[in-house]
$ cat coords00.cif   # mmCIF, N, CA and C atoms
data_start
#
loop_
_atom_site.label_atom_id
_atom_site.label_comp_id
_atom_site.auth_asym_id
_atom_site.auth_seq_id
_atom_site.Cartn_x
_atom_site.Cartn_y
_atom_site.Cartn_z
N MET A 265 -63.25 -10.97 21.75
CA MET A 265 -63.40 -9.65 21.17
C MET A 265 -64.85 -9.18 21.22
N ALA A 266 -65.81 -10.12 21.08
CA ALA A 266 -67.21 -9.74 21.01
C ALA A 266 -67.75 -9.14 22.31
N ASP A 267 -67.08 -9.42 23.44
CA ASP A 267 -67.58 -8.89 24.70
C ASP A 267 -67.08 -7.47 24.98
N LYS A 268 -66.12 -6.98 24.22
CA LYS A 268 -65.62 -5.61 24.38
C LYS A 268 -66.49 -4.65 23.59
N THR A 269 -66.61 -3.44 24.12
CA THR A 269 -67.36 -2.41 23.39
C THR A 269 -66.53 -1.14 23.30
N MET A 270 -66.99 -0.27 22.44
CA MET A 270 -66.41 1.06 22.29
C MET A 270 -67.54 2.03 22.04
N LYS A 271 -67.28 3.29 22.21
CA LYS A 271 -68.29 4.32 22.00
C LYS A 271 -68.33 4.70 20.53
N LEU A 272 -69.53 4.85 20.00
CA LEU A 272 -69.73 5.33 18.64
C LEU A 272 -70.58 6.58 18.71
N GLU A 273 -70.09 7.65 18.12
CA GLU A 273 -70.85 8.90 18.01
C GLU A 273 -70.93 9.26 16.54
N ILE A 274 -72.15 9.57 16.09
CA ILE A 274 -72.35 10.01 14.71
C ILE A 274 -73.06 11.36 14.77
N MET A 275 -72.37 12.36 14.26
CA MET A 275 -72.91 13.72 14.28
C MET A 275 -73.14 14.21 12.86
N CYS A 276 -74.27 14.87 12.67
CA CYS A 276 -74.61 15.50 11.40
C CYS A 276 -74.78 17.00 11.67
N PRO A 277 -74.77 17.83 10.64
CA PRO A 277 -74.93 19.26 10.88
C PRO A 277 -76.22 19.63 11.63
N ASP A 278 -77.28 18.85 11.42
CA ASP A 278 -78.58 19.19 12.01
C ASP A 278 -78.96 18.39 13.26
N ARG A 279 -78.15 17.38 13.62
CA ARG A 279 -78.51 16.58 14.80
C ARG A 279 -77.39 15.63 15.19
N ASN A 280 -77.49 15.15 16.43
CA ASN A 280 -76.63 14.07 16.89
C ASN A 280 -77.36 12.80 16.49
N PHE A 281 -76.89 12.11 15.47
CA PHE A 281 -77.60 10.99 14.87
C PHE A 281 -77.60 9.75 15.76
N TYR A 282 -76.46 9.45 16.39
CA TYR A 282 -76.37 8.23 17.19
C TYR A 282 -75.25 8.38 18.22
N THR A 283 -75.52 7.88 19.41
CA THR A 283 -74.50 7.75 20.45
C THR A 283 -74.79 6.45 21.19
N GLY A 284 -73.78 5.59 21.29
CA GLY A 284 -73.99 4.35 22.01
C GLY A 284 -72.75 3.51 22.08
N GLU A 285 -72.87 2.39 22.79
CA GLU A 285 -71.79 1.42 22.93
C GLU A 285 -71.98 0.34 21.87
N VAL A 286 -70.92 0.04 21.14
CA VAL A 286 -71.00 -0.92 20.05
C VAL A 286 -69.87 -1.94 20.17
N THR A 287 -70.10 -3.12 19.58
CA THR A 287 -69.05 -4.14 19.53
C THR A 287 -68.27 -4.03 18.22
N MET A 288 -68.90 -3.40 17.21
CA MET A 288 -68.26 -3.23 15.90
C MET A 288 -69.07 -2.23 15.10
N ALA A 289 -68.41 -1.54 14.19
CA ALA A 289 -69.09 -0.67 13.23
C ALA A 289 -68.48 -0.91 11.86
N GLU A 290 -69.33 -0.99 10.84
CA GLU A 290 -68.87 -1.20 9.46
C GLU A 290 -69.39 -0.05 8.61
N PHE A 291 -68.51 0.49 7.76
CA PHE A 291 -68.91 1.59 6.88
C PHE A 291 -67.96 1.70 5.70
N ASN A 292 -68.39 2.47 4.72
CA ASN A 292 -67.64 2.62 3.49
C ASN A 292 -66.75 3.86 3.55
N THR A 293 -65.50 3.71 3.10
CA THR A 293 -64.56 4.83 3.03
C THR A 293 -64.06 4.95 1.60
N THR A 294 -63.32 6.02 1.34
CA THR A 294 -62.74 6.18 0.00
C THR A 294 -61.72 5.09 -0.31
N GLU A 295 -61.23 4.42 0.72
CA GLU A 295 -60.24 3.34 0.54
C GLU A 295 -60.89 1.95 0.53
N GLY A 296 -62.20 1.89 0.78
CA GLY A 296 -62.89 0.61 0.80
C GLY A 296 -63.76 0.46 2.03
N TYR A 297 -64.46 -0.65 2.10
CA TYR A 297 -65.38 -0.94 3.21
C TYR A 297 -64.56 -1.45 4.39
N ILE A 298 -64.79 -0.89 5.58
CA ILE A 298 -64.02 -1.32 6.75
C ILE A 298 -64.94 -1.72 7.90
N GLY A 299 -64.42 -2.59 8.74
CA GLY A 299 -65.07 -2.97 9.97
C GLY A 299 -64.13 -2.59 11.11
N VAL A 300 -64.68 -1.93 12.12
CA VAL A 300 -63.85 -1.44 13.22
C VAL A 300 -64.31 -2.08 14.53
N TYR A 301 -63.38 -2.76 15.19
CA TYR A 301 -63.60 -3.36 16.50
C TYR A 301 -62.94 -2.49 17.57
N PRO A 302 -63.31 -2.69 18.84
CA PRO A 302 -62.57 -2.01 19.92
C PRO A 302 -61.07 -2.35 19.81
N GLU A 303 -60.24 -1.43 20.24
CA GLU A 303 -58.78 -1.56 20.21
C GLU A 303 -58.19 -1.41 18.80
N HIS A 304 -58.98 -0.85 17.87
CA HIS A 304 -58.48 -0.60 16.52
C HIS A 304 -57.35 0.44 16.59
N ILE A 305 -56.44 0.38 15.65
CA ILE A 305 -55.38 1.39 15.63
C ILE A 305 -56.00 2.75 15.31
N PRO A 306 -55.45 3.83 15.84
CA PRO A 306 -55.97 5.16 15.53
C PRO A 306 -55.87 5.42 14.02
N LEU A 307 -56.93 6.01 13.49
CA LEU A 307 -57.03 6.20 12.05
C LEU A 307 -58.03 7.30 11.75
N ALA A 308 -57.80 8.04 10.71
CA ALA A 308 -58.78 9.01 10.20
C ALA A 308 -59.08 8.62 8.77
N VAL A 309 -60.38 8.58 8.42
CA VAL A 309 -60.79 8.16 7.07
C VAL A 309 -61.85 9.10 6.53
N ILE A 310 -61.90 9.15 5.20
CA ILE A 310 -62.94 9.91 4.52
C ILE A 310 -64.04 8.93 4.13
N LEU A 311 -65.28 9.29 4.42
CA LEU A 311 -66.41 8.41 4.14
C LEU A 311 -66.82 8.50 2.68
N SER A 312 -67.32 7.39 2.17
CA SER A 312 -68.00 7.33 0.88
C SER A 312 -69.42 6.89 1.16
N PRO A 313 -70.36 7.25 0.28
CA PRO A 313 -71.73 6.81 0.51
C PRO A 313 -71.81 5.29 0.66
N GLY A 314 -72.58 4.84 1.65
CA GLY A 314 -72.72 3.41 1.87
C GLY A 314 -73.65 3.12 3.02
N VAL A 315 -73.78 1.85 3.30
CA VAL A 315 -74.61 1.39 4.41
C VAL A 315 -73.72 1.27 5.64
N LEU A 316 -74.14 1.90 6.72
CA LEU A 316 -73.48 1.79 8.01
C LEU A 316 -74.14 0.65 8.77
N VAL A 317 -73.35 -0.26 9.29
CA VAL A 317 -73.88 -1.35 10.12
C VAL A 317 -73.31 -1.16 11.52
N ILE A 318 -74.21 -0.96 12.47
CA ILE A 318 -73.84 -0.75 13.87
C ILE A 318 -74.13 -2.05 14.61
N HIS A 319 -73.10 -2.67 15.17
CA HIS A 319 -73.26 -3.90 15.93
C HIS A 319 -73.29 -3.54 17.41
N GLU A 320 -74.47 -3.63 18.00
CA GLU A 320 -74.65 -3.38 19.42
C GLU A 320 -74.64 -4.73 20.14
N PRO A 321 -74.40 -4.75 21.44
CA PRO A 321 -74.42 -6.03 22.16
C PRO A 321 -75.71 -6.82 21.96
N GLY A 322 -76.84 -6.14 21.74
CA GLY A 322 -78.12 -6.83 21.60
C GLY A 322 -78.59 -7.03 20.17
N GLY A 323 -77.81 -6.66 19.19
CA GLY A 323 -78.23 -6.80 17.80
C GLY A 323 -77.56 -5.78 16.91
N GLU A 324 -78.10 -5.60 15.71
CA GLU A 324 -77.49 -4.64 14.80
C GLU A 324 -78.52 -3.68 14.23
N LYS A 325 -78.02 -2.51 13.85
CA LYS A 325 -78.83 -1.47 13.21
C LYS A 325 -78.13 -1.08 11.92
N LYS A 326 -78.94 -0.68 10.93
CA LYS A 326 -78.37 -0.21 9.67
C LYS A 326 -78.88 1.19 9.38
N ALA A 327 -78.04 1.96 8.69
CA ALA A 327 -78.39 3.32 8.31
C ALA A 327 -77.66 3.68 7.02
N ALA A 328 -78.20 4.65 6.30
CA ALA A 328 -77.50 5.20 5.14
C ALA A 328 -76.54 6.26 5.67
N LEU A 329 -75.32 6.21 5.20
CA LEU A 329 -74.30 7.16 5.64
C LEU A 329 -73.67 7.77 4.40
N HIS A 330 -73.77 9.08 4.29
CA HIS A 330 -73.25 9.79 3.12
C HIS A 330 -72.10 10.69 3.55
N SER A 331 -71.31 11.06 2.65
CA SER A 331 -70.05 11.80 2.82
C SER A 331 -69.77 12.42 4.18
N GLY A 332 -68.50 12.44 4.50
CA GLY A 332 -68.03 12.97 5.76
C GLY A 332 -66.69 12.36 6.09
N PHE A 333 -66.36 12.29 7.36
CA PHE A 333 -65.11 11.65 7.77
C PHE A 333 -65.29 11.01 9.13
N ALA A 334 -64.37 10.11 9.47
CA ALA A 334 -64.42 9.41 10.75
C ALA A 334 -63.05 9.45 11.41
N LYS A 335 -63.08 9.60 12.71
CA LYS A 335 -61.88 9.54 13.54
C LYS A 335 -62.02 8.29 14.40
N ILE A 336 -61.09 7.38 14.23
CA ILE A 336 -61.14 6.10 14.93
C ILE A 336 -60.04 6.08 15.99
N MET A 337 -60.43 5.79 17.21
CA MET A 337 -59.49 5.64 18.33
C MET A 337 -59.70 4.24 18.91
N LYS A 338 -58.87 3.83 19.85
CA LYS A 338 -58.98 2.49 20.42
C LYS A 338 -60.32 2.24 21.10
N ASP A 339 -60.89 3.27 21.72
CA ASP A 339 -62.13 3.09 22.49
C ASP A 339 -63.30 3.93 21.98
N LYS A 340 -63.14 4.56 20.80
CA LYS A 340 -64.21 5.45 20.32
C LYS A 340 -64.08 5.69 18.82
N ILE A 341 -65.24 5.76 18.17
CA ILE A 341 -65.31 6.19 16.77
C ILE A 341 -66.18 7.44 16.74
N SER A 342 -65.67 8.49 16.15
CA SER A 342 -66.45 9.71 15.94
C SER A 342 -66.64 9.86 14.45
N ILE A 343 -67.91 9.87 14.03
CA ILE A 343 -68.23 10.03 12.61
C ILE A 343 -68.92 11.39 12.44
N PHE A 344 -68.41 12.16 11.52
CA PHE A 344 -68.97 13.46 11.19
C PHE A 344 -69.50 13.34 9.76
N ALA A 345 -70.82 13.19 9.64
CA ALA A 345 -71.44 12.90 8.35
C ALA A 345 -72.27 14.07 7.86
N GLU A 346 -72.23 14.26 6.56
CA GLU A 346 -73.09 15.27 5.95
C GLU A 346 -74.56 14.86 6.09
N ILE A 347 -74.81 13.57 5.83
CA ILE A 347 -76.17 13.02 5.94
C ILE A 347 -76.08 11.60 6.51
N ALA A 348 -76.93 11.29 7.47
CA ALA A 348 -77.11 9.93 7.98
C ALA A 348 -78.61 9.74 8.15
N GLU A 349 -79.11 8.58 7.70
CA GLU A 349 -80.56 8.33 7.73
C GLU A 349 -80.86 6.91 8.18
N TRP A 350 -81.82 6.78 9.09
CA TRP A 350 -82.35 5.48 9.44
C TRP A 350 -83.30 5.03 8.32
N PRO A 351 -83.49 3.74 8.13
CA PRO A 351 -84.38 3.27 7.06
C PRO A 351 -85.78 3.89 7.11
N ASP A 352 -86.34 4.08 8.32
CA ASP A 352 -87.71 4.63 8.39
C ASP A 352 -87.77 6.12 8.07
N GLU A 353 -86.62 6.77 7.91
CA GLU A 353 -86.59 8.18 7.52
C GLU A 353 -86.48 8.37 6.01
N ILE A 354 -86.30 7.27 5.29
CA ILE A 354 -86.09 7.33 3.84
C ILE A 354 -87.43 7.23 3.12
N ASP A 355 -87.64 8.13 2.18
CA ASP A 355 -88.81 8.11 1.31
C ASP A 355 -88.42 7.28 0.08
N GLU A 356 -88.92 6.06 0.01
CA GLU A 356 -88.51 5.15 -1.07
C GLU A 356 -88.89 5.68 -2.44
N ASN A 357 -90.08 6.27 -2.59
CA ASN A 357 -90.49 6.82 -3.89
C ASN A 357 -89.55 7.93 -4.34
N ARG A 358 -89.18 8.78 -3.42
CA ARG A 358 -88.25 9.87 -3.74
C ARG A 358 -86.89 9.31 -4.15
N ALA A 359 -86.44 8.26 -3.46
CA ALA A 359 -85.16 7.63 -3.80
C ALA A 359 -85.21 7.00 -5.19
N ARG A 360 -86.33 6.37 -5.52
CA ARG A 360 -86.48 5.76 -6.85
C ARG A 360 -86.50 6.83 -7.94
N GLU A 361 -87.15 7.95 -7.68
CA GLU A 361 -87.17 9.06 -8.65
C GLU A 361 -85.76 9.63 -8.82
N ALA A 362 -85.01 9.75 -7.74
CA ALA A 362 -83.63 10.26 -7.82
C ALA A 362 -82.76 9.29 -8.62
N LYS A 363 -83.00 8.01 -8.47
CA LYS A 363 -82.26 7.00 -9.23
C LYS A 363 -82.51 7.17 -10.72
N ILE A 364 -83.77 7.34 -11.09
CA ILE A 364 -84.12 7.50 -12.50
C ILE A 364 -83.47 8.77 -13.07
N ARG A 365 -83.54 9.87 -12.32
CA ARG A 365 -82.93 11.13 -12.79
C ARG A 365 -81.42 10.97 -12.99
N ALA A 366 -80.77 10.33 -12.03
CA ALA A 366 -79.32 10.14 -12.12
C ALA A 366 -78.96 9.24 -13.30
N GLU A 367 -79.70 8.18 -13.50
CA GLU A 367 -79.44 7.27 -14.63
C GLU A 367 -79.62 8.01 -15.96
N ARG A 368 -80.62 8.86 -16.05
CA ARG A 368 -80.83 9.64 -17.28
C ARG A 368 -79.66 10.58 -17.54
N ARG A 369 -79.17 11.22 -16.47
CA ARG A 369 -78.03 12.12 -16.63
C ARG A 369 -76.79 11.37 -17.09
N ILE A 370 -76.57 10.21 -16.52
CA ILE A 370 -75.38 9.43 -16.84
C ILE A 370 -75.44 8.89 -18.27
N SER A 371 -76.60 8.42 -18.69
CA SER A 371 -76.72 7.81 -20.02
C SER A 371 -77.02 8.81 -21.13
N GLY A 372 -77.40 10.04 -20.78
CA GLY A 372 -77.76 11.03 -21.78
C GLY A 372 -76.58 11.82 -22.29
N ASP A 373 -76.90 12.97 -22.86
CA ASP A 373 -75.90 13.90 -23.39
C ASP A 373 -75.01 14.37 -22.24
N LYS A 374 -73.71 14.17 -22.38
CA LYS A 374 -72.76 14.48 -21.30
C LYS A 374 -72.36 15.96 -21.24
N SER A 375 -72.70 16.74 -22.25
CA SER A 375 -72.30 18.15 -22.24
C SER A 375 -73.09 18.91 -21.16
N GLY A 376 -72.37 19.65 -20.36
CA GLY A 376 -73.00 20.43 -19.31
C GLY A 376 -73.41 19.63 -18.08
N ILE A 377 -73.07 18.34 -18.04
CA ILE A 377 -73.44 17.49 -16.91
C ILE A 377 -72.19 17.19 -16.08
N ASP A 378 -72.32 17.33 -14.79
CA ASP A 378 -71.25 16.94 -13.87
C ASP A 378 -71.43 15.44 -13.63
N LEU A 379 -70.68 14.65 -14.39
CA LEU A 379 -70.85 13.20 -14.36
C LEU A 379 -70.55 12.62 -12.97
N GLN A 380 -69.54 13.12 -12.31
CA GLN A 380 -69.20 12.61 -10.97
C GLN A 380 -70.33 12.86 -10.00
N ARG A 381 -70.93 14.03 -10.07
CA ARG A 381 -72.06 14.35 -9.19
C ARG A 381 -73.26 13.43 -9.48
N ALA A 382 -73.51 13.16 -10.76
CA ALA A 382 -74.61 12.26 -11.13
C ALA A 382 -74.35 10.85 -10.62
N GLU A 383 -73.10 10.39 -10.70
CA GLU A 383 -72.77 9.05 -10.21
C GLU A 383 -72.93 8.96 -8.70
N ILE A 384 -72.56 10.01 -7.98
CA ILE A 384 -72.75 10.01 -6.53
C ILE A 384 -74.23 10.02 -6.19
N ALA A 385 -75.03 10.80 -6.92
CA ALA A 385 -76.48 10.82 -6.69
C ALA A 385 -77.08 9.44 -6.93
N LEU A 386 -76.61 8.76 -7.97
CA LEU A 386 -77.10 7.40 -8.25
C LEU A 386 -76.74 6.46 -7.10
N LYS A 387 -75.50 6.54 -6.63
CA LYS A 387 -75.06 5.66 -5.53
C LYS A 387 -75.89 5.92 -4.27
N LYS A 388 -76.13 7.19 -3.94
CA LYS A 388 -76.93 7.52 -2.76
C LYS A 388 -78.35 6.97 -2.89
N SER A 389 -78.93 7.11 -4.07
CA SER A 389 -80.30 6.60 -4.25
C SER A 389 -80.34 5.09 -4.11
N LEU A 390 -79.34 4.40 -4.65
CA LEU A 390 -79.30 2.94 -4.54
C LEU A 390 -79.14 2.48 -3.10
N ILE A 391 -78.34 3.21 -2.33
CA ILE A 391 -78.17 2.89 -0.91
C ILE A 391 -79.50 3.04 -0.18
N ARG A 392 -80.18 4.15 -0.43
CA ARG A 392 -81.48 4.39 0.22
C ARG A 392 -82.48 3.30 -0.14
N ILE A 393 -82.54 2.94 -1.41
CA ILE A 393 -83.47 1.90 -1.86
C ILE A 393 -83.13 0.56 -1.20
N SER A 394 -81.84 0.24 -1.11
CA SER A 394 -81.44 -1.05 -0.53
C SER A 394 -81.84 -1.15 0.96
N LEU A 395 -81.82 -0.03 1.67
CA LEU A 395 -82.21 -0.07 3.07
C LEU A 395 -83.72 -0.22 3.27
N LYS A 396 -84.49 0.13 2.27
CA LYS A 396 -85.94 0.01 2.37
C LYS A 396 -86.42 -1.39 2.02
N ASN A 397 -85.57 -2.17 1.37
CA ASN A 397 -85.96 -3.53 0.95
C ASN A 397 -85.42 -4.59 1.88
#

$ encode --input "coords00.cif" --output "structure tokens"
Amino acid sequence: MADKTMKLEIMCPDRNFYTGEVTMAEFNTTEGYIGVYPEHIPLAVILSPGVLVIHEPGGEKKAALHSGFAKIMKDKISIFAEIAEWPDEIDENRAREAKIRAERRISGDKSGIDLQRAEIALKKSLIRISLKN
């Protein structure tokens, strides 16, 4: 299985984030964390914030991947993401400040606060921080 590859395309509204041949891709969906190899059954999934792991024949790359969806075919994965970031594109200080703000919103007065939005902001900040460490 490791010698087979498939095409991975990751598109964001502002750029084509990644295009290449991969042996596997791992990412988070609303149904859980999945790993996709070539010859996977066709599937469409909704993304959840998480770390994307791209397994290329020569090694692996990691990126932050935030909301969107993926179309999985036997020989290709197309990911349409709202935001995708390489570790060197992440401002760690900004991510830490976002984490603090989200934690304050979650632990503070809940009136007038969109708790789900605050929890997603916290998760995104934690993903960004984890990629910098």

$ residues_around --input "coords00.cif" --residues "stretch 313-327 of chain A" --least-positions-apart "3" --cutoff "7 Å" --atoms "all atoms listed in the file" --output "number ranges by chain"
A: 285-293, 330-332, 348-351, 387-388, 391

$ select_by_dssp --input "coords00.cif" --residues "chain A" --states "strand (DSSP E or B)" --output "VMD selection string"
chain A and resid 270 to 276 279 to 286 288 to 293 296 to 300 307 to 311 314 to 320 323 to 336 340 to 349

$ resolve_selection --input "coords00.cif" --expression "the PyMOL selection byres (((chain A and resi 304 and name CA) around 8) and name CA)" --output "tab-separated table (two decimals) with N, CA and C atoms, in the coordinates of the input"
chain	number	residue	atom	x	y	z
A	300	VAL	N	-64.68	-1.93	12.12
A	300	VAL	CA	-63.85	-1.44	13.22
A	300	VAL	C	-64.31	-2.08	14.53
A	301	TYR	N	-63.38	-2.76	15.19
A	301	TYR	CA	-63.60	-3.36	16.50
A	301	TYR	C	-62.94	-2.49	17.57
A	302	PRO	N	-63.31	-2.69	18.84
A	302	PRO	CA	-62.57	-2.01	19.92
A	302	PRO	C	-61.07	-2.35	19.81
A	303	GLU	N	-60.24	-1.43	20.24
A	303	GLU	CA	-58.78	-1.56	20.21
A	303	GLU	C	-58.19	-1.41	18.80
A	305	ILE	N	-56.44	0.38	15.65
A	305	ILE	CA	-55.38	1.39	15.63
A	305	ILE	C	-56.00	2.75	15.31
A	306	PRO	N	-55.45	3.83	15.84
A	306	PRO	CA	-55.97	5.16	15.53
A	306	PRO	C	-55.87	5.42	14.02
A	336	ILE	N	-61.09	7.38	14.23
A	336	ILE	CA	-61.14	6.10	14.93
A	336	ILE	C	-60.04	6.08	15.99
A	337	MET	N	-60.43	5.79	17.21
A	337	MET	CA	-59.49	5.64	18.33
A	337	MET	C	-59.70	4.24	18.91
A	338	LYS	N	-58.87	3.83	19.85
A	338	LYS	CA	-58.98	2.49	20.42
A	338	LYS	C	-60.32	2.24	21.10
A	339	ASP	N	-60.89	3.27	21.72
A	339	ASP	CA	-62.13	3.09	22.49
A	339	ASP	C	-63.30	3.93	21.98

$ atom_distance --input "coords00.cif" --atom1 "atom N of A:Tyr282" --atom2 "atom CA of A:Lys340"
13.5 Å

$ atom_distance --input "coords00.cif" --atom1 "atom N of A:Leu307" --atom2 "atom CA of A:Ile384"
25.8 Å

$ select_by_dssp --input "coords00.cif" --residues "stretch 267-397 of chain A" --states "helix (DSSP H, G or I)" --output "PyMOL selection string"
chain A and resi 351-353+356-371+379-396

$ residues_around --input "coords00.cif" --residues "A:Thr283" --least-positions-apart "5" --cutoff "10 Å" --atoms "only C-alpha atoms" --output "list in words"
Lys271, Leu272, Glu273, Ile274, Met275 and Ser342 of chain A

$ atom_distance --input "coords00.cif" --atom1 "atom CA of A:Ser389" --atom2 "atom CA of A:Lys363"
5.4 Å

$ closest_residue --input "coords00.cif" --among "A:Ala328, A:Arg358, A:Ile370, A:Leu395" --to "A:Glu346" --atoms "only C-alpha atoms"
A:Ala328

$ residues_around --input "coords00.cif" --residues "A:Asn357" --least-positions-apart "6" --cutoff "12 Å" --atoms "only C-alpha atoms" --output "list in words"
Lys363, Ile364, Ser389, Leu390, Arg392, Ile393 and Lys396 of chain A

$ write_last_selection --input "coords00.cif" --atoms "N, CA and C atoms" --output "mmCIF file, keeping the file's coordinate frame"
data_model
loop_
_atom_site.group_PDB
_atom_site.id
_atom_site.type_symbol
_atom_site.label_atom_id
_atom_site.label_comp_id
_atom_site.auth_asym_id
_atom_site.auth_seq_id
_atom_site.Cartn_x
_atom_site.Cartn_y
_atom_site.Cartn_z
ATOM 1 N N LYS A 363 -83.000 8.010 -8.470
ATOM 2 C CA LYS A 363 -82.260 7.000 -9.230
ATOM 3 C C LYS A 363 -82.510 7.170 -10.720
ATOM 4 N N ILE A 364 -83.770 7.340 -11.090
ATOM 5 C CA ILE A 364 -84.120 7.500 -12.500
ATOM 6 C C ILE A 364 -83.470 8.770 -13.070
ATOM 7 N N SER A 389 -78.930 7.110 -4.070
ATOM 8 C CA SER A 389 -80.300 6.600 -4.250
ATOM 9 C C SER A 389 -80.340 5.090 -4.110
ATOM 10 N N LEU A 390 -79.340 4.400 -4.650
ATOM 11 C CA LEU A 390 -79.300 2.940 -4.540
ATOM 12 C C LEU A 390 -79.140 2.480 -3.100
ATOM 13 N N ARG A 392 -80.180 4.150 -0.430
ATOM 14 C CA ARG A 392 -81.480 4.390 0.220
ATOM 15 C C ARG A 392 -82.480 3.300 -0.140
ATOM 16 N N ILE A 393 -82.540 2.940 -1.410
ATOM 17 C CA ILE A 393 -83.470 1.900 -1.860
ATOM 18 C C ILE A 393 -83.130 0.560 -1.200
ATOM 19 N N LYS A 396 -84.490 0.130 2.270
ATOM 20 C CA LYS A 396 -85.940 0.010 2.370
ATOM 21 C C LYS A 396 -86.420 -1.390 2.020
#

$ decode --input "coords00.cif" --residues "stretch 326-332 of chain A" --atoms "all heavy atoms" --output "PDB file, in the first residue's frame"
ATOM      1  N   LYS A 326       2.867  18.819   8.022  1.00  0.00           N
ATOM      2  CA  LYS A 326       1.701  19.083   8.862  1.00  0.00           C
ATOM      3  C   LYS A 326       1.225  20.502   8.623  1.00  0.00           C
ATOM      4  O   LYS A 326       2.014  21.401   8.333  1.00  0.00           O
ATOM      5  CB  LYS A 326       2.041  18.889  10.337  1.00  0.00           C
ATOM      6  CG  LYS A 326       2.325  17.446  10.693  1.00  0.00           C
ATOM      7  CD  LYS A 326       2.551  17.283  12.169  1.00  0.00           C
ATOM      8  CE  LYS A 326       2.811  15.811  12.493  1.00  0.00           C
ATOM      9  NZ  LYS A 326       2.988  15.596  13.930  1.00  0.00           N
ATOM     10  N   ALA A 327      -0.086  20.684   8.774  1.00  0.00           N
ATOM     11  CA  ALA A 327      -0.697  21.996   8.609  1.00  0.00           C
ATOM     12  C   ALA A 327      -1.941  22.078   9.483  1.00  0.00           C
ATOM     13  O   ALA A 327      -2.526  21.054   9.844  1.00  0.00           O
ATOM     14  CB  ALA A 327      -1.067  22.232   7.148  1.00  0.00           C
ATOM     15  N   ALA A 328      -2.334  23.296   9.812  1.00  0.00           N
ATOM     16  CA  ALA A 328      -3.607  23.518  10.498  1.00  0.00           C
ATOM     17  C   ALA A 328      -4.683  23.566   9.423  1.00  0.00           C
ATOM     18  O   ALA A 328      -4.519  24.223   8.398  1.00  0.00           O
ATOM     19  CB  ALA A 328      -3.564  24.829  11.277  1.00  0.00           C
ATOM     20  N   LEU A 329      -5.760  22.853   9.656  1.00  0.00           N
ATOM     21  CA  LEU A 329      -6.853  22.804   8.696  1.00  0.00           C
ATOM     22  C   LEU A 329      -8.140  23.125   9.440  1.00  0.00           C
ATOM     23  O   LEU A 329      -8.492  22.451  10.402  1.00  0.00           O
ATOM     24  CB  LEU A 329      -6.925  21.401   8.084  1.00  0.00           C
ATOM     25  CG  LEU A 329      -7.870  21.155   6.941  1.00  0.00           C
ATOM     26  CD1 LEU A 329      -7.514  22.041   5.739  1.00  0.00           C
ATOM     27  CD2 LEU A 329      -7.816  19.694   6.525  1.00  0.00           C
ATOM     28  N   HIS A 330      -8.803  24.179   9.014  1.00  0.00           N
ATOM     29  CA  HIS A 330     -10.031  24.624   9.670  1.00  0.00           C
ATOM     30  C   HIS A 330     -11.205  24.464   8.717  1.00  0.00           C
ATOM     31  O   HIS A 330     -11.037  24.404   7.516  1.00  0.00           O
ATOM     32  CB  HIS A 330      -9.893  26.074  10.123  1.00  0.00           C
ATOM     33  CG  HIS A 330      -8.684  26.306  10.975  1.00  0.00           C
ATOM     34  ND1 HIS A 330      -8.556  25.816  12.254  1.00  0.00           N
ATOM     35  CD2 HIS A 330      -7.519  26.938  10.723  1.00  0.00           C
ATOM     36  CE1 HIS A 330      -7.384  26.168  12.750  1.00  0.00           C
ATOM     37  NE2 HIS A 330      -6.723  26.838  11.836  1.00  0.00           N
ATOM     38  N   SER A 331     -12.348  24.428   9.229  1.00  0.00           N
ATOM     39  CA  SER A 331     -13.621  24.137   8.558  1.00  0.00           C
ATOM     40  C   SER A 331     -13.623  24.104   7.037  1.00  0.00           C
ATOM     41  O   SER A 331     -12.887  24.803   6.372  1.00  0.00           O
ATOM     42  CB  SER A 331     -14.677  25.122   9.048  1.00  0.00           C
ATOM     43  OG  SER A 331     -14.316  26.429   8.711  1.00  0.00           O
ATOM     44  N   GLY A 332     -14.466  23.235   6.529  1.00  0.00           N
ATOM     45  CA  GLY A 332     -14.615  23.047   5.104  1.00  0.00           C
ATOM     46  C   GLY A 332     -15.164  21.664   4.839  1.00  0.00           C
ATOM     47  O   GLY A 332     -15.848  21.084   5.694  1.00  0.00           O
TER      48      GLY A 332
END
